[in-house]
Structures are given as structure tokens and as C-alpha cells.
>>> print(open('target_22.pdb').read())   # PDB, C-alpha atoms
ATOM      1  CA  MET A   1      -5.388  12.956  -3.983
ATOM      2  CA  ALA A   2      -8.843  11.637  -3.111
ATOM      3  CA  ALA A   3      -7.768  11.326   0.523
ATOM      4  CA  LYS A   4      -6.360  14.862   0.501
ATOM      5  CA  SER A   5      -9.634  16.172  -0.915
ATOM      6  CA  ALA A   6     -11.700  14.326   1.719
ATOM      7  CA  VAL A   7      -9.543  15.783   4.495
ATOM      8  CA  GLU A   8      -9.854  19.316   3.143
ATOM      9  CA  GLN A   9     -13.632  19.011   2.878
ATOM     10  CA  ARG A  10     -13.706  18.471   6.631
ATOM     11  CA  GLY A  11     -11.888  21.710   7.333
ATOM     12  CA  VAL A  12      -8.426  20.254   7.933
ATOM     13  CA  ASP A  13      -5.303  21.810   6.408
ATOM     14  CA  ALA A  14      -4.173  18.796   4.373
ATOM     15  CA  ASN A  15      -1.123  20.594   2.975
ATOM     16  CA  ALA A  16       0.148  21.261   6.497
ATOM     17  CA  LEU A  17      -0.212  17.576   7.376
ATOM     18  CA  LEU A  18       1.563  16.521   4.182
ATOM     19  CA  GLN A  19       4.419  18.858   5.026
ATOM     20  CA  GLN A  20       4.629  17.504   8.582
ATOM     21  CA  VAL A  21       5.128  13.933   7.380
ATOM     22  CA  GLY A  22       7.416  14.926   4.508
ATOM     23  CA  LEU A  23       5.131  13.871   1.668
ATOM     24  CA  ASP A  24       5.526  15.945  -1.509
ATOM     25  CA  LEU A  25       2.665  15.550  -4.010
ATOM     26  CA  SER A  26       4.115  17.975  -6.548
ATOM     27  CA  SER A  27       4.416  15.145  -9.100
ATOM     28  CA  ALA A  28       0.853  13.918  -8.523
ATOM     29  CA  THR A  29      -0.134  15.035 -12.024
ATOM     30  CA  ASP A  30       2.154  12.320 -13.405
ATOM     31  CA  PRO A  31      -0.080   9.224 -13.798
ATOM     32  CA  MET A  32       2.942   6.968 -13.223
ATOM     33  CA  ALA A  33       4.225   8.773 -10.118
ATOM     34  CA  ARG A  34       4.780   6.656  -7.014
ATOM     35  CA  PHE A  35       4.860   7.836  -3.400
ATOM     36  CA  PRO A  36       6.223   6.125  -0.258
ATOM     37  CA  ALA A  37       3.459   4.126   1.416
ATOM     38  CA  HIS A  38       4.745   4.806   4.923
ATOM     39  CA  LEU A  39       4.409   8.561   4.375
ATOM     40  CA  GLY A  40       0.893   8.130   3.010
ATOM     41  CA  LEU A  41      -0.061   6.158   6.113
ATOM     42  CA  ALA A  42       1.521   8.761   8.363
ATOM     43  CA  PHE A  43      -0.533  11.484   6.665
ATOM     44  CA  TRP A  44      -3.700   9.416   6.967
ATOM     45  CA  GLN A  45      -3.179   8.765  10.671
ATOM     46  CA  LYS A  46      -2.640  12.468  11.404
ATOM     47  CA  ALA A  47      -5.754  13.334   9.384
ATOM     48  CA  LEU A  48      -7.901  10.788  11.214
ATOM     49  CA  ALA A  49      -6.788  12.186  14.563
ATOM     50  CA  GLN A  50      -8.169  15.587  13.580
ATOM     51  CA  ILE A  51     -11.278  14.468  11.708
ATOM     52  CA  ASP A  52     -12.519  11.870  14.208
ATOM     53  CA  ASP A  53     -14.478  10.030  11.504
ATOM     54  CA  GLU A  54     -13.952   6.274  11.636
ATOM     55  CA  LEU A  55     -15.601   5.793   8.230
ATOM     56  CA  ILE A  56     -13.528   8.309   6.276
ATOM     57  CA  GLY A  57     -12.029   5.454   4.217
ATOM     58  CA  MET A  58     -15.523   4.638   3.005
ATOM     59  CA  GLU A  59     -16.089   8.273   2.072
ATOM     60  CA  VAL A  60     -12.905   8.373  -0.006
ATOM     61  CA  ALA A  61     -13.940   5.210  -1.866
ATOM     62  CA  LEU A  62     -17.316   6.764  -2.647
ATOM     63  CA  GLN A  63     -15.738   9.942  -4.010
ATOM     64  CA  GLN A  64     -13.335   8.461  -6.541
ATOM     65  CA  PHE A  65     -14.002   6.802  -9.890
ATOM     66  CA  MET A  66     -12.016   3.569  -9.976
ATOM     67  CA  PRO A  67     -10.895   3.265 -13.637
ATOM     68  CA  LEU A  68      -9.520   6.798 -13.785
ATOM     69  CA  ASN A  69      -7.546   6.339 -10.579
ATOM     70  CA  PHE A  70      -5.894   3.099 -11.671
ATOM     71  CA  ASN A  71      -5.099   4.025 -15.285
ATOM     72  CA  ALA A  72      -4.270   0.962 -17.441
ATOM     73  CA  LEU A  73      -5.237  -1.420 -14.641
ATOM     74  CA  GLY A  74      -8.610   0.274 -14.313
ATOM     75  CA  TYR A  75      -9.332  -0.144 -18.021
ATOM     76  CA  ALA A  76      -8.236  -3.795 -17.977
ATOM     77  CA  LEU A  77     -10.595  -4.439 -15.069
ATOM     78  CA  MET A  78     -13.460  -2.570 -16.731
ATOM     79  CA  ALA A  79     -13.087  -4.591 -19.949
ATOM     80  CA  SER A  80     -12.919  -7.993 -18.212
ATOM     81  CA  GLU A  81     -15.078 -10.834 -19.485
ATOM     82  CA  ASN A  82     -16.584 -11.487 -16.044
ATOM     83  CA  LEU A  83     -15.975 -10.702 -12.379
ATOM     84  CA  GLY A  84     -13.819 -13.790 -11.952
ATOM     85  CA  GLN A  85     -11.416 -12.514 -14.608
ATOM     86  CA  MET A  86     -11.570  -9.047 -13.108
ATOM     87  CA  TYR A  87     -10.538 -10.368  -9.681
ATOM     88  CA  LEU A  88      -7.745 -12.450 -11.212
ATOM     89  CA  ARG A  89      -6.325  -9.377 -12.965
ATOM     90  CA  LEU A  90      -6.662  -7.330  -9.799
ATOM     91  CA  SER A  91      -4.668  -9.916  -7.839
ATOM     92  CA  ARG A  92      -2.080 -10.244 -10.596
ATOM     93  CA  TYR A  93      -1.396  -6.536 -11.027
ATOM     94  CA  ALA A  94      -2.128  -5.174  -7.537
ATOM     95  CA  HIS A  95       1.562  -4.523  -6.860
ATOM     96  CA  ILE A  96       1.658  -2.057  -9.729
ATOM     97  CA  VAL A  97      -0.726   0.138  -7.739
ATOM     98  CA  THR A  98       0.949  -0.459  -4.373
ATOM     99  CA  ASP A  99       3.615  -2.831  -3.091
ATOM    100  CA  ALA A 100       2.239  -2.314   0.436
ATOM    101  CA  ALA A 101      -0.818  -4.506  -0.180
ATOM    102  CA  ASP A 102      -1.446  -8.071  -1.259
ATOM    103  CA  ILE A 103      -4.631  -9.162  -3.065
ATOM    104  CA  ARG A 104      -5.357 -12.849  -3.570
ATOM    105  CA  PHE A 105      -8.177 -14.524  -5.448
ATOM    106  CA  GLU A 106      -9.015 -18.212  -5.233
ATOM    107  CA  VAL A 107     -12.009 -20.379  -6.074
ATOM    108  CA  ASP A 108     -13.053 -23.288  -3.881
ATOM    109  CA  GLU A 109     -16.149 -24.920  -2.450
ATOM    110  CA  GLY A 110     -18.427 -23.335  -4.994
ATOM    111  CA  ALA A 111     -17.383 -19.719  -4.421
ATOM    112  CA  GLY A 112     -14.608 -17.231  -5.148
ATOM    113  CA  ARG A 113     -12.727 -15.450  -2.371
ATOM    114  CA  LEU A 114     -10.945 -12.149  -2.893
ATOM    115  CA  SER A 115      -8.775 -11.365   0.143
ATOM    116  CA  ILE A 116      -7.006  -8.072   0.801
ATOM    117  CA  SER A 117      -4.119  -7.861   3.245
ATOM    118  CA  GLY A 118      -1.341  -5.387   3.917
ATOM    119  CA  ASP A 119       2.328  -5.362   4.756
ATOM    120  CA  THR A 120       2.288  -6.197   8.472
ATOM    121  CA  THR A 121       5.502  -4.311   9.202
ATOM    122  CA  LEU A 122       4.255  -1.191   7.476
ATOM    123  CA  LEU A 123       0.786  -1.345   9.029
ATOM    124  CA  GLY A 124       2.376  -1.913  12.415
ATOM    125  CA  THR A 125       3.533   1.719  12.369
ATOM    126  CA  VAL A 126      -0.036   3.086  12.591
ATOM    127  CA  ASP A 127      -3.009   2.619  14.881
ATOM    128  CA  ASP A 128      -6.047   0.366  14.416
ATOM    129  CA  ALA A 129      -8.291   3.175  13.169
ATOM    130  CA  THR A 130      -5.878   3.974  10.338
ATOM    131  CA  ARG A 131      -5.515   0.323   9.310
ATOM    132  CA  TRP A 132      -9.259  -0.268   9.372
ATOM    133  CA  SER A 133      -9.868   2.871   7.359
ATOM    134  CA  ILE A 134      -7.455   1.698   4.657
ATOM    135  CA  PHE A 135      -9.218  -1.658   4.384
ATOM    136  CA  ASP A 136     -12.654   0.026   4.357
ATOM    137  CA  TYR A 137     -11.449   1.958   1.339
ATOM    138  CA  ALA A 138     -10.001  -1.115  -0.399
ATOM    139  CA  VAL A 139     -12.987  -3.411   0.143
ATOM    140  CA  LEU A 140     -15.554  -0.806  -0.812
ATOM    141  CA  THR A 141     -13.583   0.105  -3.945
ATOM    142  CA  VAL A 142     -13.782  -3.536  -5.050
ATOM    143  CA  VAL A 143     -17.508  -3.685  -4.218
ATOM    144  CA  ARG A 144     -18.191  -0.486  -6.161
ATOM    145  CA  GLY A 145     -16.184  -1.693  -9.138
ATOM    146  CA  SER A 146     -18.020  -5.023  -9.113
ATOM    147  CA  ARG A 147     -21.367  -3.287  -8.892
ATOM    148  CA  LEU A 148     -20.427  -0.923 -11.691
ATOM    149  CA  LEU A 149     -19.687  -3.807 -14.055
ATOM    150  CA  TYR A 150     -22.160  -6.442 -12.927
ATOM    151  CA  GLY A 151     -25.128  -4.191 -12.176
ATOM    152  CA  ARG A 152     -26.825  -2.768  -9.121
ATOM    153  CA  ASP A 153     -28.010  -6.222  -8.042
ATOM    154  CA  PHE A 154     -24.432  -7.397  -7.391
ATOM    155  CA  MET A 155     -24.445  -9.004  -3.958
ATOM    156  CA  PRO A 156     -21.551 -10.989  -2.429
ATOM    157  CA  LEU A 157     -22.359 -14.035  -0.340
ATOM    158  CA  GLU A 158     -20.294 -12.641   2.491
ATOM    159  CA  ILE A 159     -17.985  -9.778   3.409
ATOM    160  CA  ARG A 160     -15.439 -10.197   6.184
ATOM    161  CA  LEU A 161     -13.680  -7.208   7.759
ATOM    162  CA  GLN A 162     -10.867  -7.095  10.280
ATOM    163  CA  ARG A 163     -12.203  -3.889  11.776
ATOM    164  CA  ARG A 164     -14.410  -3.846  14.817
ATOM    165  CA  GLN A 165     -18.011  -2.776  14.310
ATOM    166  CA  PRO A 166     -18.075   1.036  13.931
ATOM    167  CA  LYS A 167     -20.508   3.148  15.916
ATOM    168  CA  ALA A 168     -22.103   4.277  12.663
ATOM    169  CA  HIS A 169     -22.198   0.695  11.354
ATOM    170  CA  ALA A 170     -25.615   1.208   9.749
ATOM    171  CA  LYS A 171     -24.041   3.745   7.377
ATOM    172  CA  LEU A 172     -21.359   1.293   6.260
ATOM    173  CA  GLU A 173     -23.848  -1.562   5.949
ATOM    174  CA  LYS A 174     -26.152   0.574   3.817
ATOM    175  CA  VAL A 175     -23.348   1.228   1.344
ATOM    176  CA  LEU A 176     -22.205  -2.423   1.317
ATOM    177  CA  ARG A 177     -25.862  -3.581   1.230
ATOM    178  CA  CYS A 178     -25.095  -6.307   3.734
ATOM    179  CA  VAL A 179     -23.933  -6.776   7.311
ATOM    180  CA  PRO A 180     -20.240  -7.728   7.190
ATOM    181  CA  ILE A 181     -18.648 -10.108   9.667
ATOM    182  CA  TYR A 182     -16.654  -7.734  11.862
ATOM    183  CA  GLY A 183     -13.498  -8.692  13.727
ATOM    184  CA  SER A 184     -12.495 -11.319  11.151
ATOM    185  CA  ASP A 185      -8.992 -12.584  10.497
ATOM    186  CA  THR A 186      -9.088 -11.280   6.930
ATOM    187  CA  ASN A 187     -10.709  -8.677   4.698
ATOM    188  CA  THR A 188     -12.477 -10.932   2.229
ATOM    189  CA  LEU A 189     -15.213 -10.795  -0.385
ATOM    190  CA  VAL A 190     -16.979 -14.131  -1.033
ATOM    191  CA  VAL A 191     -18.858 -14.336  -4.355
ATOM    192  CA  ASP A 192     -20.840 -17.260  -5.793
ATOM    193  CA  LEU A 193     -19.737 -18.927  -9.036
ATOM    194  CA  ALA A 194     -22.792 -17.861 -11.048
ATOM    195  CA  THR A 195     -22.083 -14.227 -10.279
ATOM    196  CA  LEU A 196     -18.372 -14.645 -10.988
ATOM    197  CA  ASN A 197     -18.972 -16.200 -14.410
ATOM    198  CA  LYS A 198     -21.788 -13.982 -15.710
ATOM    199  CA  PRO A 199     -20.667 -12.257 -18.964
ATOM    200  CA  LEU A 200     -20.237  -8.501 -18.522
ATOM    201  CA  SER A 201     -21.603  -5.945 -20.958
ATOM    202  CA  PHE A 202     -18.398  -3.860 -20.997
ATOM    203  CA  ALA A 203     -16.193  -6.841 -21.930
ATOM    204  CA  ASN A 204     -13.660  -5.969 -24.627
ATOM    205  CA  LEU A 205     -10.766  -8.345 -25.286
ATOM    206  CA  ASP A 206      -8.859  -5.793 -27.388
ATOM    207  CA  VAL A 207      -8.895  -3.250 -24.568
ATOM    208  CA  VAL A 208      -7.800  -5.943 -22.115
ATOM    209  CA  LYS A 209      -4.868  -7.001 -24.335
ATOM    210  CA  ALA A 210      -3.714  -3.409 -24.890
ATOM    211  CA  SER A 211      -3.975  -2.592 -21.191
ATOM    212  CA  GLU A 212      -2.201  -5.771 -20.085
ATOM    213  CA  THR A 213       0.630  -5.058 -22.529
ATOM    214  CA  MET A 214       1.164  -1.717 -20.813
ATOM    215  CA  LEU A 215       0.874  -3.299 -17.368
ATOM    216  CA  ASP A 216       3.362  -6.047 -18.182
ATOM    217  CA  ARG A 217       5.808  -3.499 -19.580
ATOM    218  CA  TYR A 218       5.493  -1.318 -16.486
ATOM    219  CA  GLN A 219       5.783  -4.314 -14.177
ATOM    220  CA  SER A 220       8.906  -5.385 -16.045
ATOM    221  CA  ASN A 221      10.389  -1.901 -15.697
ATOM    222  CA  ILE A 222       9.805  -2.039 -11.950
ATOM    223  CA  SER A 223      11.537  -5.416 -11.626
ATOM    224  CA  GLU A 224      14.388  -4.245 -13.876
ATOM    225  CA  ARG A 225      15.253  -1.287 -11.680
ATOM    226  CA  PRO A 226      18.872  -1.152 -10.546
ATOM    227  CA  LEU A 227      19.508  -3.648  -7.774
ATOM    228  CA  LYS A 228      20.257  -0.827  -5.347
ATOM    229  CA  GLU A 229      16.739   0.522  -5.806
ATOM    230  CA  GLN A 230      15.202  -2.919  -5.340
ATOM    231  CA  LEU A 231      17.248  -3.410  -2.181
ATOM    232  CA  ALA A 232      16.146  -0.054  -0.798
ATOM    233  CA  THR A 233      12.511  -1.106  -1.215
ATOM    234  CA  VAL A 234      13.095  -4.392   0.613
ATOM    235  CA  PHE A 235      15.069  -2.675   3.374
ATOM    236  CA  LYS A 236      12.179  -0.294   4.059
ATOM    237  CA  GLU A 237       9.930  -3.285   4.630
ATOM    238  CA  LEU A 238      12.325  -5.345   6.745
ATOM    239  CA  LEU A 239      14.216  -2.806   8.861
ATOM    240  CA  PRO A 240      11.522  -2.341  11.555
ATOM    241  CA  SER A 241      12.081  -6.023  12.416
ATOM    242  CA  GLY A 242      15.826  -5.470  12.866
ATOM    243  CA  GLU A 243      18.818  -5.324  10.545
ATOM    244  CA  PRO A 244      17.986  -7.749   7.700
ATOM    245  CA  ARG A 245      20.319 -10.614   6.864
ATOM    246  CA  GLN A 246      21.651 -10.865   3.329
ATOM    247  CA  GLU A 247      20.174 -14.352   3.021
ATOM    248  CA  ASP A 248      16.673 -13.080   3.861
ATOM    249  CA  VAL A 249      16.964 -10.180   1.425
ATOM    250  CA  ALA A 250      18.164 -12.453  -1.364
ATOM    251  CA  GLU A 251      15.205 -14.754  -0.723
ATOM    252  CA  ARG A 252      12.814 -11.794  -0.859
ATOM    253  CA  LEU A 253      14.295 -10.809  -4.242
ATOM    254  CA  ALA A 254      14.025 -14.433  -5.448
ATOM    255  CA  ILE A 255      17.757 -14.704  -6.169
ATOM    256  CA  THR A 256      20.623 -16.615  -4.553
ATOM    257  CA  LEU A 257      22.976 -14.997  -2.068
ATOM    258  CA  ARG A 258      25.871 -15.436  -4.494
ATOM    259  CA  THR A 259      23.858 -13.724  -7.261
ATOM    260  CA  LEU A 260      23.020 -10.840  -4.924
ATOM    261  CA  GLN A 261      26.675 -10.311  -4.061
ATOM    262  CA  ARG A 262      27.782 -10.628  -7.691
ATOM    263  CA  ARG A 263      25.210  -8.099  -8.945
ATOM    264  CA  LEU A 264      26.131  -5.629  -6.214
ATOM    265  CA  SER A 265      29.772  -5.966  -7.245
ATOM    266  CA  GLU A 266      28.774  -5.297 -10.869
ATOM    267  CA  GLU A 267      27.080  -2.086  -9.700
ATOM    268  CA  GLN A 268      30.319  -1.198  -7.862
ATOM    269  CA  THR A 269      28.777  -1.285  -4.405
ATOM    270  CA  CYS A 270      28.209  -3.714  -1.550
ATOM    271  CA  TYR A 271      25.379  -4.808   0.729
ATOM    272  CA  ARG A 272      26.549  -2.752   3.718
ATOM    273  CA  ASP A 273      26.865   0.471   1.687
ATOM    274  CA  VAL A 274      23.350   0.147   0.256
ATOM    275  CA  LEU A 275      21.946  -0.642   3.702
ATOM    276  CA  ASN A 276      23.643   2.390   5.270
ATOM    277  CA  ASP A 277      22.570   4.673   2.427
ATOM    278  CA  THR A 278      18.961   3.475   2.720
ATOM    279  CA  ARG A 279      18.994   4.018   6.473
ATOM    280  CA  HIS A 280      20.446   7.488   5.949
ATOM    281  CA  GLN A 281      17.778   8.519   3.445
ATOM    282  CA  LEU A 282      14.949   7.036   5.518
ATOM    283  CA  ALA A 283      16.264   8.778   8.638
ATOM    284  CA  LEU A 284      16.128  12.156   6.907
ATOM    285  CA  SER A 285      12.603  11.431   5.676
ATOM    286  CA  TYR A 286      11.321  10.312   9.089
ATOM    287  CA  LEU A 287      12.984  13.167  10.968
ATOM    288  CA  ALA A 288      11.649  15.783   8.538
ATOM    289  CA  GLY A 289       8.141  15.059   9.842
ATOM    290  CA  GLU A 290       6.871  15.152  13.389
ATOM    291  CA  GLN A 291       5.095  11.812  13.581
ATOM    292  CA  TYR A 292       7.960   9.784  15.008
ATOM    293  CA  SER A 293      10.100  10.364  18.072
ATOM    294  CA  ILE A 294      13.865   9.825  17.850
ATOM    295  CA  GLY A 295      13.404   6.442  19.513
ATOM    296  CA  GLU A 296      10.713   5.420  17.039
ATOM    297  CA  VAL A 297      12.922   6.422  14.099
ATOM    298  CA  ALA A 298      15.715   4.279  15.520
ATOM    299  CA  PHE A 299      13.287   1.341  15.723
ATOM    300  CA  LEU A 300      12.011   1.850  12.154
ATOM    301  CA  LEU A 301      15.606   1.799  10.921
ATOM    302  CA  GLY A 302      16.387  -1.483  12.659
ATOM    303  CA  PHE A 303      18.672  -0.166  15.409
ATOM    304  CA  SER A 304      18.464  -2.005  18.727
ATOM    305  CA  GLU A 305      19.369   1.133  20.700
ATOM    306  CA  VAL A 306      18.884   4.867  20.197
ATOM    307  CA  SER A 307      22.567   5.429  20.955
ATOM    308  CA  ALA A 308      23.551   3.220  18.011
ATOM    309  CA  PHE A 309      21.259   5.229  15.720
ATOM    310  CA  THR A 310      22.683   8.512  17.041
ATOM    311  CA  ARG A 311      26.260   7.399  16.341
ATOM    312  CA  ALA A 312      25.350   6.273  12.835
ATOM    313  CA  PHE A 313      23.464   9.502  12.099
ATOM    314  CA  LYS A 314      26.470  11.571  13.225
ATOM    315  CA  ARG A 315      28.650   9.621  10.790
ATOM    316  CA  TRP A 316      26.203  10.388   7.976
ATOM    317  CA  THR A 317      25.521  14.060   8.694
ATOM    318  CA  GLY A 318      28.003  15.293  11.264
ATOM    319  CA  THR A 319      25.223  16.157  13.709
ATOM    320  CA  SER A 320      22.803  14.370  16.028
ATOM    321  CA  PRO A 321      19.233  13.424  14.974
ATOM    322  CA  ARG A 322      17.753  15.938  17.429
ATOM    323  CA  GLU A 323      19.980  18.777  16.203
ATOM    324  CA  TRP A 324      19.218  17.934  12.578
ATOM    325  CA  ARG A 325      15.458  17.902  13.262
ATOM    326  CA  ASN A 326      15.622  21.260  15.043
ATOM    327  CA  GLN A 327      17.556  22.790  12.156
ATOM    328  CA  ALA A 328      15.138  21.310   9.634
TER     329      ALA A 328
END
>>> encode(input="target_22.pdb", output="C-alpha cells")
Amino acid sequence: MAAKSAVEQRGVDANALLQQVGLDLSSATDPMARFPAHLGLAFWQKALAQIDDELIGMEVALQQFMPLNFNALGYALMASENLGQMYLRLSRYAHIVTDAADIRFEVDEGAGRLSISGDTTLLGTVDDATRWSIFDYAVLTVVRGSRLLYGRDFMPLEIRLQRRQPKAHAKLEKVLRCVPIYGSDTNTLVVDLATLNKPLSFANLDVVKASETMLDRYQSNISERPLKEQLATVFKELLPSGEPRQEDVAERLAITLRTLQRRLSEEQTCYRDVLNDTRHQLALSYLAGEQYSIGEVAFLLGFSEVSAFTRAFKRWTGTSPREWRNQA
């Protein structure tokens, strides 16, 4: 919603772009609603192409108020005893906010390192500007949250960004209050131990416990989804690299191949049926927008040739992908 607002403020019809990529935000008022990350990225890339502002991710981070956007996670972070605990909770519960990103926190050599990375397959579907913008948003959100809790004098030892130096780099550096190391391998915040361990004035163990109870319950509900839903999520991630093997999917779900097959049988389905159904639903979603060509959709669904995708799509719908898109 913050991204949509930022786009609209720059005179772009955000609703038209959302419709083009097939992203429906009608349930955005539900604080627990979840939206497909690949559609969000597709929207963001289209918006950036029209706005031509390489620091729009920074602007979105400046507009939103972190705790309200992240609900229970935001309150748990706000009530943390110190920044070290805040970063640990952020890394532990990051997948509740998005399963398209990975946040890791480790302490070594006298400093703490918070690293933010993304799903490489998913990010491979968009251009550099879109990826960099997403990481600008993520890193600056962490910096703002740290500054909010620690105080205005919060200053990391180092900030590393994968993005190249923007033309308006002085604007970004003014907000970060430092010159980041551009073109790095990671997006990382390095913070000294004294800063990490300083007691925070908003610390409240009761709020943390209540919030973490909600987070654990929600996280458990996600992991306890029907196996077919869990498989669909994994397929979305793996398909652009080709048709996933059952062994690889079972490993991703942290179960044995025999357990995967047994649980699918219990749900009265099989691996191939779930794979085909996921491909079918993803095909409809991708074709409903205009971002991807027919060939690109075939690639995203793990088909080695467009002809193979066309034959499969005709089995699912009775028509070709191009005819279906034209009718849609």
C-alpha cells in the first residue's frame, strides 16, 4: 500500500498497473492478508519504468511507520531489550512478513551483521533497478527502526549495498548518514557490540511475550497448511529453474521423499497432479497481465520449450495461451 501511494503521488495510475499484472489488493484491509511476491515485483518494475526514480524504494521506506506495517512483529521489535534482540527477532520472524526474503543476524569479530537477501529465482524475473529499489527499502527500514529505538545518534559501523552508486547518491547518503559501500556482494548492516547491547527505553518483556505468542501461532498455522498449498509455494520458487524433482521438493519441505508421497496419498492426490494444477493457476495469473511474453511464461513455469507449454495449456483450458490472453 505504501508503494501504491508513492506511485500515485508521482502521477502514475497505480490501479492500472496493478490490473495489468493481475494483483488484486481488495483484501488489503485484512492485516493478515498475503499477496504473491512475484506480482508485487512485477507491479514495482512497471512503476519504476514510468517514474524513472532510482531511489523510490528509499522514499517508500521514509513514508511508512514500521510497527504499524508489520503488526505483531512490529510491536515485538519495538519492545525489544536492545538492538541485538531486535535483529534476532527480525531474522527469526522475517518469513512471516515475506517468504521471498531472507534476513540473517550473526555476531563475530566484535560486531553484529544483519544481512538481507532475496529469493534469487524470484528476483531474477526483474531488472537491476527493481532489485536495488527493494533492498534500498529493506535496509533503510531497518536503519529507521534502529534509529527510532536507539535514538538519533544511532550509527552503524558500515552499510553494504549490492546496488551501484545512484546518480543522486548524496540524497541516499544523507538519509543513511553515511556513505555505503556500493556494489557489494550483500546488503548488510554492521553494528558495534556496545550499540547492540545498549538497553532500550521502549523495552517491555510482556509486550514481547504477547507478540511472540501471536507470531509463533501464525507461523505454526503457515507450516500446518495443507501439503498441497505448501507444495504450490515451493513450486513457484523452483519452476523457473526447470521442473523440480520430488527429492528436491521434499528436501525443501524438510521431509523425506517417502513422507511426501504418503502425505499426498492421504490428501487423495499425487505429486504430478499438484504440479500440473500449480502450473495451470500460475499460467492464468501470468497471462492475465502484460509483463511476460508467452515464451517468458513458459520459462517461469519450467517448460523447456514454448510448444510444450502450449500443449499443456490446451489440455488445461481447451485453448492456446495466446487465444486465452486475447479473450482475457
>>> closest_residue(input="target_22.pdb", among="A:Thr120, A:Leu260, A:Asp216, A:Ile56", to="Ala72 (chain A)", atoms="all atoms listed in the file")
A:Asp216
>>> atom_distance(input="target_22.pdb", atom1="CA of Leu73 (chain A)", atom2="CA of Leu41 (chain A)")
22.7 Å
>>> resolve_selection(input="target_22.pdb", expression="the PyMOL selection byres ((chain A and resi 87) around 12)", output="ChimeraX atom specification")
/A:73-74,76-78,80-86,88-94,103-107,112-116,142-143,145-146,189-191,196-197
>>> residues_around(input="target_22.pdb", residues="Arg10 (chain A)", least_positions_apart="6", cutoff="12 Å", atoms="all atoms listed in the file", output="list in words")
Ala3, Lys4, Ala47, Leu48, Gln50, Ile51, Asp52, Asp53, Ile56 and Glu59 of chain A
>>> resolve_selection(input="target_22.pdb", expression="the PyMOL selection byres ((chain A and resi 326) around 12)", output="PDB file with C-alpha atoms, in the coordinates of the input")
ATOM      1  CA  LEU A 287      12.984  13.167  10.968  1.00  0.00           C
ATOM      2  CA  ALA A 288      11.649  15.783   8.538  1.00  0.00           C
ATOM      3  CA  GLY A 289       8.141  15.059   9.842  1.00  0.00           C
ATOM      4  CA  GLU A 290       6.871  15.152  13.389  1.00  0.00           C
ATOM      5  CA  ILE A 294      13.865   9.825  17.850  1.00  0.00           C
ATOM      6  CA  THR A 319      25.223  16.157  13.709  1.00  0.00           C
ATOM      7  CA  SER A 320      22.803  14.370  16.028  1.00  0.00           C
ATOM      8  CA  PRO A 321      19.233  13.424  14.974  1.00  0.00           C
ATOM      9  CA  ARG A 322      17.753  15.938  17.429  1.00  0.00           C
ATOM     10  CA  GLU A 323      19.980  18.777  16.203  1.00  0.00           C
ATOM     11  CA  TRP A 324      19.218  17.934  12.578  1.00  0.00           C
ATOM     12  CA  ARG A 325      15.458  17.902  13.262  1.00  0.00           C
ATOM     13  CA  GLN A 327      17.556  22.790  12.156  1.00  0.00           C
ATOM     14  CA  ALA A 328      15.138  21.310   9.634  1.00  0.00           C
TER      15      ALA A 328
END
>>> atom_distance(input="target_22.pdb", atom1="CA of Ala37 (chain A)", atom2="CA of Asp185 (chain A)")
22.7 Å
>>> closest_residue(input="target_22.pdb", among="A:Gly57, A:Ala312, A:Arg279, A:Met1", to="Glu237 (chain A)", atoms="all atoms listed in the file")
A:Arg279
>>> closest_residue(input="target_22.pdb", among="A:Met58, A:Thr213, A:Gln246, A:Glu8", to="Pro166 (chain A)", atoms="all atoms listed in the file")
A:Met58
>>> atom_distance(input="target_22.pdb", atom1="CA of Tyr182 (chain A)", atom2="CA of Arg163 (chain A)")
5.9 Å
>>> resolve_selection(input="target_22.pdb", expression="the PyMOL selection byres ((chain A and resi 14) around 12)", output="ChimeraX atom specification")
/A:1-13,15-21,23-25,40,43-48,50-51
>>> write_last_selection(input="target_22.pdb", atoms="C-alpha atoms", output="mmCIF file, in the frame of the given file")
data_model
loop_
_atom_site.group_PDB
_atom_site.id
_atom_site.type_symbol
_atom_site.label_atom_id
_atom_site.label_comp_id
_atom_site.auth_asym_id
_atom_site.auth_seq_id
_atom_site.Cartn_x
_atom_site.Cartn_y
_atom_site.Cartn_z
ATOM 1 C CA MET A 1 -5.388 12.956 -3.983
ATOM 2 C CA ALA A 2 -8.843 11.637 -3.111
ATOM 3 C CA ALA A 3 -7.768 11.326 0.523
ATOM 4 C CA LYS A 4 -6.360 14.862 0.501
ATOM 5 C CA SER A 5 -9.634 16.172 -0.915
ATOM 6 C CA ALA A 6 -11.700 14.326 1.719
ATOM 7 C CA VAL A 7 -9.543 15.783 4.495
ATOM 8 C CA GLU A 8 -9.854 19.316 3.143
ATOM 9 C CA GLN A 9 -13.632 19.011 2.878
ATOM 10 C CA ARG A 10 -13.706 18.471 6.631
ATOM 11 C CA GLY A 11 -11.888 21.710 7.333
ATOM 12 C CA VAL A 12 -8.426 20.254 7.933
ATOM 13 C CA ASP A 13 -5.303 21.810 6.408
ATOM 14 C CA ASN A 15 -1.123 20.594 2.975
ATOM 15 C CA ALA A 16 0.148 21.261 6.497
ATOM 16 C CA LEU A 17 -0.212 17.576 7.376
ATOM 17 C CA LEU A 18 1.563 16.521 4.182
ATOM 18 C CA GLN A 19 4.419 18.858 5.026
ATOM 19 C CA GLN A 20 4.629 17.504 8.582
ATOM 20 C CA VAL A 21 5.128 13.933 7.380
ATOM 21 C CA LEU A 23 5.131 13.871 1.668
ATOM 22 C CA ASP A 24 5.526 15.945 -1.509
ATOM 23 C CA LEU A 25 2.665 15.550 -4.010
ATOM 24 C CA GLY A 40 0.893 8.130 3.010
ATOM 25 C CA PHE A 43 -0.533 11.484 6.665
ATOM 26 C CA TRP A 44 -3.700 9.416 6.967
ATOM 27 C CA GLN A 45 -3.179 8.765 10.671
ATOM 28 C CA LYS A 46 -2.640 12.468 11.404
ATOM 29 C CA ALA A 47 -5.754 13.334 9.384
ATOM 30 C CA LEU A 48 -7.901 10.788 11.214
ATOM 31 C CA GLN A 50 -8.169 15.587 13.580
ATOM 32 C CA ILE A 51 -11.278 14.468 11.708
#
>>> build_atoms(input="target_22.pdb", residues="region 102-106 of chain A", atoms="N, CA, C and O atoms", output="short mmCIF file (atom, residue, chain, number, x, y, z; two decimals), in the coordinates of the input")
data_model
loop_
_atom_site.label_atom_id
_atom_site.label_comp_id
_atom_site.auth_asym_id
_atom_site.auth_seq_id
_atom_site.Cartn_x
_atom_site.Cartn_y
_atom_site.Cartn_z
N ASP A 102 -1.44 -6.79 -0.56
CA ASP A 102 -1.45 -8.07 -1.26
C ASP A 102 -2.90 -8.48 -1.48
O ASP A 102 -3.68 -8.53 -0.53
N ILE A 103 -3.26 -8.75 -2.73
CA ILE A 103 -4.63 -9.16 -3.06
C ILE A 103 -4.57 -10.56 -3.66
O ILE A 103 -3.82 -10.81 -4.61
N ARG A 104 -5.35 -11.47 -3.10
CA ARG A 104 -5.36 -12.85 -3.57
C ARG A 104 -6.78 -13.27 -3.93
O ARG A 104 -7.73 -12.92 -3.23
N PHE A 105 -6.87 -14.03 -5.02
CA PHE A 105 -8.18 -14.52 -5.45
C PHE A 105 -8.08 -16.02 -5.67
O PHE A 105 -7.18 -16.50 -6.36
N GLU A 106 -8.99 -16.77 -5.07
CA GLU A 106 -9.02 -18.21 -5.23
C GLU A 106 -10.46 -18.69 -5.28
O GLU A 106 -11.36 -18.05 -4.71
#
